[in-house]
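**Q** Supplied structure: input.cif, mmCIF, N, CA and C atoms.
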```cif
data_query
#
loop_
_atom_site.label_atom_id
_atom_site.label_comp_id
_atom_site.auth_asym_id
_atom_site.auth_seq_id
_atom_site.Cartn_x
_atom_site.Cartn_y
_atom_site.Cartn_z
N MET A 1 9.79 80.87 33.41
CA MET A 1 10.78 80.77 32.35
C MET A 1 11.47 79.42 32.43
N ILE A 2 11.84 78.91 31.29
CA ILE A 2 12.60 77.66 31.22
C ILE A 2 14.07 78.01 31.02
N PHE A 3 14.94 77.38 31.79
CA PHE A 3 16.38 77.57 31.66
C PHE A 3 17.05 76.24 31.37
N SER A 4 17.97 76.25 30.41
CA SER A 4 18.83 75.09 30.17
C SER A 4 19.97 75.17 31.18
N VAL A 5 20.23 74.04 31.81
CA VAL A 5 21.25 73.99 32.86
C VAL A 5 22.31 72.97 32.50
N GLN A 6 23.54 73.35 32.73
CA GLN A 6 24.65 72.42 32.62
C GLN A 6 25.46 72.53 33.91
N VAL A 7 25.61 71.41 34.60
CA VAL A 7 26.39 71.37 35.83
C VAL A 7 27.61 70.51 35.57
N GLU A 8 28.78 71.09 35.73
CA GLU A 8 30.02 70.34 35.62
C GLU A 8 30.49 70.04 37.04
N VAL A 9 30.75 68.77 37.30
CA VAL A 9 31.19 68.33 38.61
C VAL A 9 32.63 67.85 38.51
N ARG A 10 33.48 68.38 39.37
CA ARG A 10 34.90 68.01 39.37
C ARG A 10 35.34 67.69 40.79
N LEU A 11 36.29 66.78 40.89
CA LEU A 11 36.90 66.51 42.19
C LEU A 11 37.66 67.75 42.63
N ARG A 12 37.64 68.01 43.90
CA ARG A 12 38.38 69.16 44.43
C ARG A 12 39.88 68.92 44.30
N PRO A 13 40.65 70.00 44.20
CA PRO A 13 42.11 69.84 44.15
C PRO A 13 42.60 69.07 45.38
N GLY A 14 43.56 68.18 45.15
CA GLY A 14 44.11 67.38 46.23
C GLY A 14 43.40 66.06 46.46
N ILE A 15 42.23 65.87 45.85
CA ILE A 15 41.51 64.60 45.97
C ILE A 15 42.02 63.67 44.88
N ALA A 16 42.40 62.45 45.26
CA ALA A 16 42.92 61.48 44.30
C ALA A 16 41.87 61.21 43.21
N ASP A 17 42.35 61.09 41.98
CA ASP A 17 41.49 60.84 40.83
C ASP A 17 42.02 59.60 40.10
N PRO A 18 41.65 58.40 40.56
CA PRO A 18 42.18 57.18 39.93
C PRO A 18 41.82 57.04 38.46
N GLN A 19 40.63 57.49 38.06
CA GLN A 19 40.26 57.42 36.64
C GLN A 19 41.17 58.33 35.81
N GLY A 20 41.39 59.54 36.29
CA GLY A 20 42.28 60.45 35.59
C GLY A 20 43.68 59.90 35.47
N SER A 21 44.18 59.30 36.55
CA SER A 21 45.53 58.71 36.54
C SER A 21 45.63 57.57 35.54
N THR A 22 44.60 56.73 35.48
CA THR A 22 44.59 55.61 34.53
C THR A 22 44.61 56.12 33.10
N ILE A 23 43.81 57.12 32.81
CA ILE A 23 43.77 57.70 31.47
C ILE A 23 45.12 58.32 31.13
N GLU A 24 45.69 59.07 32.08
CA GLU A 24 46.98 59.72 31.84
C GLU A 24 48.07 58.70 31.53
N ARG A 25 48.07 57.56 32.23
CA ARG A 25 49.07 56.53 31.96
C ARG A 25 48.84 55.85 30.61
N ALA A 26 47.60 55.78 30.16
CA ALA A 26 47.28 55.09 28.91
C ALA A 26 47.53 55.95 27.67
N ILE A 27 47.45 57.24 27.79
CA ILE A 27 47.56 58.12 26.61
C ILE A 27 48.87 57.93 25.85
N PRO A 28 50.03 57.82 26.51
CA PRO A 28 51.26 57.62 25.74
C PRO A 28 51.26 56.34 24.89
N THR A 29 50.50 55.31 25.33
CA THR A 29 50.45 54.09 24.53
C THR A 29 49.70 54.30 23.22
N LEU A 30 48.98 55.42 23.11
CA LEU A 30 48.29 55.77 21.87
C LEU A 30 49.12 56.67 20.98
N GLY A 31 50.37 56.90 21.42
CA GLY A 31 51.28 57.71 20.61
C GLY A 31 51.15 59.21 20.82
N VAL A 32 50.50 59.61 21.89
CA VAL A 32 50.34 61.03 22.18
C VAL A 32 51.18 61.36 23.41
N ALA A 33 52.10 62.30 23.25
CA ALA A 33 52.98 62.69 24.35
C ALA A 33 52.59 64.06 24.89
N GLY A 34 53.06 64.36 26.09
CA GLY A 34 52.90 65.69 26.64
C GLY A 34 51.59 65.95 27.36
N VAL A 35 50.78 64.93 27.59
CA VAL A 35 49.52 65.12 28.30
C VAL A 35 49.75 64.89 29.79
N SER A 36 49.30 65.83 30.60
CA SER A 36 49.45 65.67 32.05
C SER A 36 48.28 66.33 32.77
N GLY A 37 48.16 66.02 34.04
CA GLY A 37 47.12 66.64 34.85
C GLY A 37 45.71 66.21 34.48
N VAL A 38 45.54 64.98 34.02
CA VAL A 38 44.22 64.51 33.60
C VAL A 38 43.32 64.34 34.83
N ARG A 39 42.14 64.92 34.77
CA ARG A 39 41.14 64.80 35.82
C ARG A 39 39.82 64.43 35.14
N VAL A 40 39.06 63.55 35.77
CA VAL A 40 37.79 63.11 35.22
C VAL A 40 36.67 63.70 36.06
N GLY A 41 35.64 64.19 35.40
CA GLY A 41 34.47 64.74 36.08
C GLY A 41 33.22 64.23 35.42
N LYS A 42 32.13 64.90 35.69
CA LYS A 42 30.87 64.54 35.04
C LYS A 42 30.11 65.80 34.70
N CYS A 43 29.27 65.68 33.70
CA CYS A 43 28.45 66.80 33.24
C CYS A 43 26.99 66.37 33.31
N ILE A 44 26.17 67.18 33.95
CA ILE A 44 24.75 66.88 34.10
C ILE A 44 23.98 68.01 33.43
N ARG A 45 23.10 67.65 32.47
CA ARG A 45 22.32 68.65 31.74
C ARG A 45 20.83 68.41 31.99
N PHE A 46 20.10 69.48 32.18
CA PHE A 46 18.66 69.38 32.35
C PHE A 46 18.04 70.77 32.15
N GLU A 47 16.71 70.83 32.17
CA GLU A 47 16.00 72.09 32.10
C GLU A 47 15.26 72.31 33.41
N ILE A 48 15.13 73.57 33.78
CA ILE A 48 14.41 73.92 35.01
C ILE A 48 13.49 75.10 34.73
N ASP A 49 12.31 75.05 35.30
CA ASP A 49 11.33 76.13 35.18
C ASP A 49 11.43 76.97 36.45
N ALA A 50 11.73 78.24 36.29
CA ALA A 50 11.87 79.14 37.43
C ALA A 50 11.40 80.54 37.04
N ALA A 51 11.11 81.34 38.04
CA ALA A 51 10.61 82.70 37.80
C ALA A 51 11.63 83.58 37.10
N ASP A 52 12.92 83.41 37.47
CA ASP A 52 13.98 84.21 36.87
C ASP A 52 15.31 83.47 37.03
N GLU A 53 16.37 84.04 36.48
CA GLU A 53 17.68 83.38 36.51
C GLU A 53 18.19 83.19 37.93
N ALA A 54 17.97 84.17 38.79
CA ALA A 54 18.45 84.05 40.17
C ALA A 54 17.76 82.89 40.89
N SER A 55 16.46 82.74 40.68
CA SER A 55 15.72 81.63 41.29
C SER A 55 16.20 80.29 40.74
N ALA A 56 16.42 80.25 39.42
CA ALA A 56 16.90 79.02 38.79
C ALA A 56 18.27 78.64 39.36
N ARG A 57 19.16 79.62 39.45
CA ARG A 57 20.50 79.35 39.97
C ARG A 57 20.44 78.87 41.42
N ALA A 58 19.60 79.49 42.23
CA ALA A 58 19.47 79.08 43.64
C ALA A 58 18.97 77.64 43.74
N SER A 59 18.01 77.28 42.90
CA SER A 59 17.48 75.91 42.91
C SER A 59 18.54 74.90 42.48
N VAL A 60 19.30 75.25 41.44
CA VAL A 60 20.33 74.35 40.95
C VAL A 60 21.45 74.21 41.99
N GLU A 61 21.83 75.31 42.62
CA GLU A 61 22.85 75.23 43.67
C GLU A 61 22.39 74.33 44.81
N ASP A 62 21.11 74.42 45.18
CA ASP A 62 20.56 73.55 46.21
C ASP A 62 20.61 72.09 45.78
N LEU A 63 20.24 71.82 44.52
CA LEU A 63 20.31 70.46 43.99
C LEU A 63 21.74 69.92 44.04
N CYS A 64 22.69 70.77 43.69
CA CYS A 64 24.09 70.34 43.71
C CYS A 64 24.52 69.96 45.12
N GLN A 65 24.18 70.78 46.09
CA GLN A 65 24.58 70.52 47.47
C GLN A 65 23.89 69.29 48.05
N ARG A 66 22.61 69.07 47.69
CA ARG A 66 21.83 68.01 48.31
C ARG A 66 21.86 66.69 47.56
N PHE A 67 22.16 66.72 46.23
CA PHE A 67 21.94 65.49 45.46
C PHE A 67 22.96 65.23 44.35
N LEU A 68 23.31 66.24 43.58
CA LEU A 68 24.12 66.02 42.38
C LEU A 68 25.61 65.87 42.66
N THR A 69 26.09 66.37 43.79
CA THR A 69 27.52 66.29 44.09
C THR A 69 27.72 65.80 45.52
N ASN A 70 28.95 65.41 45.78
CA ASN A 70 29.39 65.16 47.16
C ASN A 70 30.19 66.40 47.53
N PRO A 71 29.59 67.34 48.25
CA PRO A 71 30.26 68.62 48.51
C PRO A 71 31.54 68.50 49.35
N VAL A 72 31.78 67.35 49.93
CA VAL A 72 33.01 67.16 50.69
C VAL A 72 34.22 67.02 49.75
N ILE A 73 34.01 66.36 48.61
CA ILE A 73 35.14 66.09 47.70
C ILE A 73 34.98 66.66 46.31
N GLU A 74 33.79 67.22 45.99
CA GLU A 74 33.54 67.71 44.64
C GLU A 74 33.12 69.17 44.63
N ASP A 75 33.46 69.86 43.55
CA ASP A 75 33.00 71.22 43.28
C ASP A 75 32.07 71.17 42.08
N SER A 76 31.12 72.09 42.03
CA SER A 76 30.22 72.16 40.87
C SER A 76 30.31 73.53 40.23
N PHE A 77 30.16 73.53 38.92
CA PHE A 77 30.20 74.76 38.12
C PHE A 77 28.93 74.78 37.29
N ILE A 78 28.14 75.81 37.46
CA ILE A 78 26.80 75.87 36.86
C ILE A 78 26.77 76.86 35.72
N GLU A 79 26.19 76.43 34.59
CA GLU A 79 25.92 77.32 33.47
C GLU A 79 24.41 77.31 33.23
N LEU A 80 23.84 78.49 33.12
CA LEU A 80 22.43 78.65 32.82
C LEU A 80 22.26 79.42 31.53
N ALA A 81 21.27 79.03 30.75
CA ALA A 81 20.93 79.76 29.53
C ALA A 81 19.43 79.70 29.34
N PRO A 82 18.85 80.76 28.79
CA PRO A 82 17.41 80.69 28.52
C PRO A 82 17.13 79.51 27.60
N GLY A 83 16.12 78.73 27.94
CA GLY A 83 15.76 77.57 27.15
C GLY A 83 14.51 77.82 26.35
N ALA A 84 14.14 76.85 25.56
CA ALA A 84 12.93 76.95 24.75
C ALA A 84 11.71 76.73 25.65
N ALA A 85 10.69 77.46 25.43
CA ALA A 85 9.44 77.28 26.20
C ALA A 85 8.78 75.99 25.77
N SER A 86 8.23 75.29 26.74
CA SER A 86 7.55 74.01 26.44
C SER A 86 6.10 74.24 26.10
#
```
Mind converting the file's structure to C-alpha cells?

**A**
Amino acid sequence: MIFSVQVEVRLRPGIADPQGSTIERAIPTLGVAGVSGVRVGKCIRFEIDAADEASARASVEDLCQRFLTNPVIEDSFIELAPGAAS
C-alpha cells in the first residue's frame, strides 16, 4: 500500500527559536498586534510503500529518529493517509 506522509518537525519546548523570535518582533511593524509565542518548524511530505499503516508508521518514526529530525532538540508529529497507487 502507498501512504501519503506528512511529518511536522518542531523545536522542543524550552529550546531557543531565533527564527520565531525574529518573526515575532517583525509582525508589529506590519500593523498586526497581539501575536505571541511564534515558533518556526518544518514540514516534510513524501509517500511510502508499506504493507500496512503500522509498518508505514514504524518506518517513518525510524526515519525521523535517524535522519529527519534532531531528536535531542526536536519533536516530530506524523500524519499518514492512504495514498494513490502508483

**Q** Which residues, written as a list of chain:residue names, have at least one atom at most 6 Å from segment 49-56 of chain A, with all atoms listed in the file counted and residues fewer than 6 positions away on the same chain left out?

**A**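 Near neighbours after the sequence-gap exclusion: A:Met1, A:Ile2, A:Phe3.
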
**Q** Could you pull out the residues in chain A that DSSP calls strand (DSSP E or B) from the backbone, as a compact mmCIF listing (two decimals) with N, CA and C atoms, keeping the file's coordinate frame?

**A**
```txt
# COMPACT_ATOMS: atom_id res chain seq x y z
N ILE A 2 11.84 78.91 31.29
CA ILE A 2 12.60 77.66 31.22
C ILE A 2 14.07 78.01 31.02
N PHE A 3 14.94 77.38 31.79
CA PHE A 3 16.38 77.57 31.66
C PHE A 3 17.05 76.24 31.37
N SER A 4 17.97 76.25 30.41
CA SER A 4 18.83 75.09 30.17
C SER A 4 19.97 75.17 31.18
N VAL A 5 20.23 74.04 31.81
CA VAL A 5 21.25 73.99 32.86
C VAL A 5 22.31 72.97 32.50
N GLN A 6 23.54 73.35 32.73
CA GLN A 6 24.65 72.42 32.62
C GLN A 6 25.46 72.53 33.91
N VAL A 7 25.61 71.41 34.60
CA VAL A 7 26.39 71.37 35.83
C VAL A 7 27.61 70.51 35.57
N GLU A 8 28.78 71.09 35.73
CA GLU A 8 30.02 70.34 35.62
C GLU A 8 30.49 70.04 37.04
N VAL A 9 30.75 68.77 37.30
CA VAL A 9 31.19 68.33 38.61
C VAL A 9 32.63 67.85 38.51
N ARG A 10 33.48 68.38 39.37
CA ARG A 10 34.90 68.01 39.37
C ARG A 10 35.34 67.69 40.79
N LEU A 11 36.29 66.78 40.89
CA LEU A 11 36.90 66.51 42.19
C LEU A 11 37.66 67.75 42.63
N LYS A 42 32.13 64.90 35.69
CA LYS A 42 30.87 64.54 35.04
C LYS A 42 30.11 65.80 34.70
N CYS A 43 29.27 65.68 33.70
CA CYS A 43 28.45 66.80 33.24
C CYS A 43 26.99 66.37 33.31
N ILE A 44 26.17 67.18 33.95
CA ILE A 44 24.75 66.88 34.10
C ILE A 44 23.98 68.01 33.43
N ARG A 45 23.10 67.65 32.47
CA ARG A 45 22.32 68.65 31.74
C ARG A 45 20.83 68.41 31.99
N PHE A 46 20.10 69.48 32.18
CA PHE A 46 18.66 69.38 32.35
C PHE A 46 18.04 70.77 32.15
N GLU A 47 16.71 70.83 32.17
CA GLU A 47 16.00 72.09 32.10
C GLU A 47 15.26 72.31 33.41
N ILE A 48 15.13 73.57 33.78
CA ILE A 48 14.41 73.92 35.01
C ILE A 48 13.49 75.10 34.73
N ASP A 49 12.31 75.05 35.30
CA ASP A 49 11.33 76.13 35.18
C ASP A 49 11.43 76.97 36.45
N GLU A 74 33.79 67.22 45.99
CA GLU A 74 33.54 67.71 44.64
C GLU A 74 33.12 69.17 44.63
N ASP A 75 33.46 69.86 43.55
CA ASP A 75 33.00 71.22 43.28
C ASP A 75 32.07 71.17 42.08
N SER A 76 31.12 72.09 42.03
CA SER A 76 30.22 72.16 40.87
C SER A 76 30.31 73.53 40.23
N PHE A 77 30.16 73.53 38.92
CA PHE A 77 30.20 74.76 38.12
C PHE A 77 28.93 74.78 37.29
N ILE A 78 28.14 75.81 37.46
CA ILE A 78 26.80 75.87 36.86
C ILE A 78 26.77 76.86 35.72
N GLU A 79 26.19 76.43 34.59
CA GLU A 79 25.92 77.32 33.47
C GLU A 79 24.41 77.31 33.23
N LEU A 80 23.84 78.49 33.12
CA LEU A 80 22.43 78.65 32.82
C LEU A 80 22.26 79.42 31.53
N ALA A 81 21.27 79.03 30.75
CA ALA A 81 20.93 79.76 29.53
C ALA A 81 19.43 79.70 29.34
N PRO A 82 18.85 80.76 28.79
CA PRO A 82 17.41 80.69 28.52
C PRO A 82 17.13 79.51 27.60
```

**Q** What residues come out when you apply the PyMOL selection byres ((chain A and resi 12) around 5) to this file, written as a PDB file with N, CA and C atoms, in the frame of the given file?

**A**
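The resulting file, result-v4.pdb, is reproduced below:
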```
ATOM      1  N   ARG A  10      33.480  68.380  39.370  1.00  0.00           N
ATOM      2  CA  ARG A  10      34.900  68.010  39.370  1.00  0.00           C
ATOM      3  C   ARG A  10      35.340  67.690  40.790  1.00  0.00           C
ATOM      4  N   LEU A  11      36.290  66.780  40.890  1.00  0.00           N
ATOM      5  CA  LEU A  11      36.900  66.510  42.190  1.00  0.00           C
ATOM      6  C   LEU A  11      37.660  67.750  42.630  1.00  0.00           C
ATOM      7  N   PRO A  13      40.650  70.000  44.200  1.00  0.00           N
ATOM      8  CA  PRO A  13      42.110  69.840  44.150  1.00  0.00           C
ATOM      9  C   PRO A  13      42.600  69.070  45.380  1.00  0.00           C
ATOM     10  N   GLY A  14      43.560  68.180  45.150  1.00  0.00           N
ATOM     11  CA  GLY A  14      44.110  67.380  46.230  1.00  0.00           C
ATOM     12  C   GLY A  14      43.400  66.060  46.460  1.00  0.00           C
ATOM     13  N   ILE A  15      42.230  65.870  45.850  1.00  0.00           N
ATOM     14  CA  ILE A  15      41.510  64.600  45.970  1.00  0.00           C
ATOM     15  C   ILE A  15      42.020  63.670  44.880  1.00  0.00           C
ATOM     16  N   ILE A  73      34.010  66.360  48.610  1.00  0.00           N
ATOM     17  CA  ILE A  73      35.140  66.090  47.700  1.00  0.00           C
ATOM     18  C   ILE A  73      34.980  66.660  46.310  1.00  0.00           C
ATOM     19  N   GLU A  74      33.790  67.220  45.990  1.00  0.00           N
ATOM     20  CA  GLU A  74      33.540  67.710  44.640  1.00  0.00           C
ATOM     21  C   GLU A  74      33.120  69.170  44.630  1.00  0.00           C
ATOM     22  N   ASP A  75      33.460  69.860  43.550  1.00  0.00           N
ATOM     23  CA  ASP A  75      33.000  71.220  43.280  1.00  0.00           C
ATOM     24  C   ASP A  75      32.070  71.170  42.080  1.00  0.00           C
TER      25      ASP A  75
END
```

**Q** With only C-alpha atoms as the atoms that count, which of A:Leu80, A:Cys64, A:Val40, A:Val72 lies nearest to Gln19 of chain A?

**A**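 With only C-alpha atoms as the atom set, the closest residue is A:Val40.
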
**Q** To one decimal in Å, tell me the separation between atom C of Glu79 of chain A and atom C of Ser4 of chain A.

**A**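 Value for the atom C of Glu79 of chain A-atom C of Ser4 of chain A distance: 5.3 Å.
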
**Q** Could you tell me how far atom CA of Val7 of chain A sits from atom CA of Lys42 of chain A, in Å to one decimal place?

**A**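 Rounded to one decimal, the two atoms are 8.2 Å apart.
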
**Q** Work out how far apart atom CA of Ser76 of chain A and atom CA of Val35 of chain A are and give it in Å to one decimal.

**A** 24.1 Å

**Q** So what does the PyMOL selection byres ((chain A and resi 43) around 6.5) actually pick up in this one, as a VMD selection string?

**A** chain A and resid 6 to 9 41 to 42 44 to 45

**Q** Using only C-alpha atoms, find the one residue out of A:Gln65, A:Val32, A:Val60, A:Ala16 that sits nearest to Phe46 of chain A.

**A**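 Result for the nearest residue to Phe46 of chain A: A:Val60.
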
**Q** Kindly indicate which residue among A:Val38, A:Pro82, A:Val5, A:Thr69 lies nearest to Asp17 of chain A, using all atoms listed in the file for the distances.

**A**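 Among the listed residues, the smallest separation from Asp17 of chain A belongs to A:Val38.
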
**Q** Can you pull out every residue from chain A that DSSP, working from the backbone, puts in helix (DSSP H, G or I), and format the result as a VMD selection string?

**A** chain A and resid 18 to 30 53 to 68

**Q** Those same residues, written as an mmCIF file, in the frame of the given file with N, CA and C atoms?

**A**
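Output contents, as saved in again29.cif:
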```cif
data_model
loop_
_atom_site.group_PDB
_atom_site.id
_atom_site.type_symbol
_atom_site.label_atom_id
_atom_site.label_comp_id
_atom_site.auth_asym_id
_atom_site.auth_seq_id
_atom_site.Cartn_x
_atom_site.Cartn_y
_atom_site.Cartn_z
ATOM 1 N N PRO A 18 41.650 58.400 40.560
ATOM 2 C CA PRO A 18 42.180 57.180 39.930
ATOM 3 C C PRO A 18 41.820 57.040 38.460
ATOM 4 N N GLN A 19 40.630 57.490 38.060
ATOM 5 C CA GLN A 19 40.260 57.420 36.640
ATOM 6 C C GLN A 19 41.170 58.330 35.810
ATOM 7 N N GLY A 20 41.390 59.540 36.290
ATOM 8 C CA GLY A 20 42.280 60.450 35.590
ATOM 9 C C GLY A 20 43.680 59.900 35.470
ATOM 10 N N SER A 21 44.180 59.300 36.550
ATOM 11 C CA SER A 21 45.530 58.710 36.540
ATOM 12 C C SER A 21 45.630 57.570 35.540
ATOM 13 N N THR A 22 44.600 56.730 35.480
ATOM 14 C CA THR A 22 44.590 55.610 34.530
ATOM 15 C C THR A 22 44.610 56.120 33.100
ATOM 16 N N ILE A 23 43.810 57.120 32.810
ATOM 17 C CA ILE A 23 43.770 57.700 31.470
ATOM 18 C C ILE A 23 45.120 58.320 31.130
ATOM 19 N N GLU A 24 45.690 59.070 32.080
ATOM 20 C CA GLU A 24 46.980 59.720 31.840
ATOM 21 C C GLU A 24 48.070 58.700 31.530
ATOM 22 N N ARG A 25 48.070 57.560 32.230
ATOM 23 C CA ARG A 25 49.070 56.530 31.960
ATOM 24 C C ARG A 25 48.840 55.850 30.610
ATOM 25 N N ALA A 26 47.600 55.780 30.160
ATOM 26 C CA ALA A 26 47.280 55.090 28.910
ATOM 27 C C ALA A 26 47.530 55.950 27.670
ATOM 28 N N ILE A 27 47.450 57.240 27.790
ATOM 29 C CA ILE A 27 47.560 58.120 26.610
ATOM 30 C C ILE A 27 48.870 57.930 25.850
ATOM 31 N N PRO A 28 50.030 57.820 26.510
ATOM 32 C CA PRO A 28 51.260 57.620 25.740
ATOM 33 C C PRO A 28 51.260 56.340 24.890
ATOM 34 N N THR A 29 50.500 55.310 25.330
ATOM 35 C CA THR A 29 50.450 54.090 24.530
ATOM 36 C C THR A 29 49.700 54.300 23.220
ATOM 37 N N LEU A 30 48.980 55.420 23.110
ATOM 38 C CA LEU A 30 48.290 55.770 21.870
ATOM 39 C C LEU A 30 49.120 56.670 20.980
ATOM 40 N N GLU A 53 16.370 84.040 36.480
ATOM 41 C CA GLU A 53 17.680 83.380 36.510
ATOM 42 C C GLU A 53 18.190 83.190 37.930
ATOM 43 N N ALA A 54 17.970 84.170 38.790
ATOM 44 C CA ALA A 54 18.450 84.050 40.170
ATOM 45 C C ALA A 54 17.760 82.890 40.890
ATOM 46 N N SER A 55 16.460 82.740 40.680
ATOM 47 C CA SER A 55 15.720 81.630 41.290
ATOM 48 C C SER A 55 16.200 80.290 40.740
ATOM 49 N N ALA A 56 16.420 80.250 39.420
ATOM 50 C CA ALA A 56 16.900 79.020 38.790
ATOM 51 C C ALA A 56 18.270 78.640 39.360
ATOM 52 N N ARG A 57 19.160 79.620 39.450
ATOM 53 C CA ARG A 57 20.500 79.350 39.970
ATOM 54 C C ARG A 57 20.440 78.870 41.420
ATOM 55 N N ALA A 58 19.600 79.490 42.230
ATOM 56 C CA ALA A 58 19.470 79.080 43.640
ATOM 57 C C ALA A 58 18.970 77.640 43.740
ATOM 58 N N SER A 59 18.010 77.280 42.900
ATOM 59 C CA SER A 59 17.480 75.910 42.910
ATOM 60 C C SER A 59 18.540 74.900 42.480
ATOM 61 N N VAL A 60 19.300 75.250 41.440
ATOM 62 C CA VAL A 60 20.330 74.350 40.950
ATOM 63 C C VAL A 60 21.450 74.210 41.990
ATOM 64 N N GLU A 61 21.830 75.310 42.620
ATOM 65 C CA GLU A 61 22.850 75.230 43.670
ATOM 66 C C GLU A 61 22.390 74.330 44.810
ATOM 67 N N ASP A 62 21.110 74.420 45.180
ATOM 68 C CA ASP A 62 20.560 73.550 46.210
ATOM 69 C C ASP A 62 20.610 72.090 45.780
ATOM 70 N N LEU A 63 20.240 71.820 44.520
ATOM 71 C CA LEU A 63 20.310 70.460 43.990
ATOM 72 C C LEU A 63 21.740 69.920 44.040
ATOM 73 N N CYS A 64 22.690 70.770 43.690
ATOM 74 C CA CYS A 64 24.090 70.340 43.710
ATOM 75 C C CYS A 64 24.520 69.960 45.120
ATOM 76 N N GLN A 65 24.180 70.780 46.090
ATOM 77 C CA GLN A 65 24.580 70.520 47.470
ATOM 78 C C GLN A 65 23.890 69.290 48.050
ATOM 79 N N ARG A 66 22.610 69.070 47.690
ATOM 80 C CA ARG A 66 21.830 68.010 48.310
ATOM 81 C C ARG A 66 21.860 66.690 47.560
ATOM 82 N N PHE A 67 22.160 66.720 46.230
ATOM 83 C CA PHE A 67 21.940 65.490 45.460
ATOM 84 C C PHE A 67 22.960 65.230 44.350
ATOM 85 N N LEU A 68 23.310 66.240 43.580
ATOM 86 C CA LEU A 68 24.120 66.020 42.380
ATOM 87 C C LEU A 68 25.610 65.870 42.660
#
```

**Q** Could you check the closest approach to Glu47 of chain A for each of A:Gly83, A:Leu63, A:Leu30, A:Phe77 and tell me which residue wins, using only N, CA and C atoms?

**A** A:Gly83

**Q** Starting from 5 Å padding per side, set up an axis-aligned box that covers all listed atoms of segment 20-35 of chain A and hand over centre and edge lengths in Å, one decimal, as JSON.

**A**
```
{"center_x": 47.2, "center_y": 60.0, "center_z": 28.6, "size_x": 21.7, "size_y": 21.9, "size_z": 25.9}
```
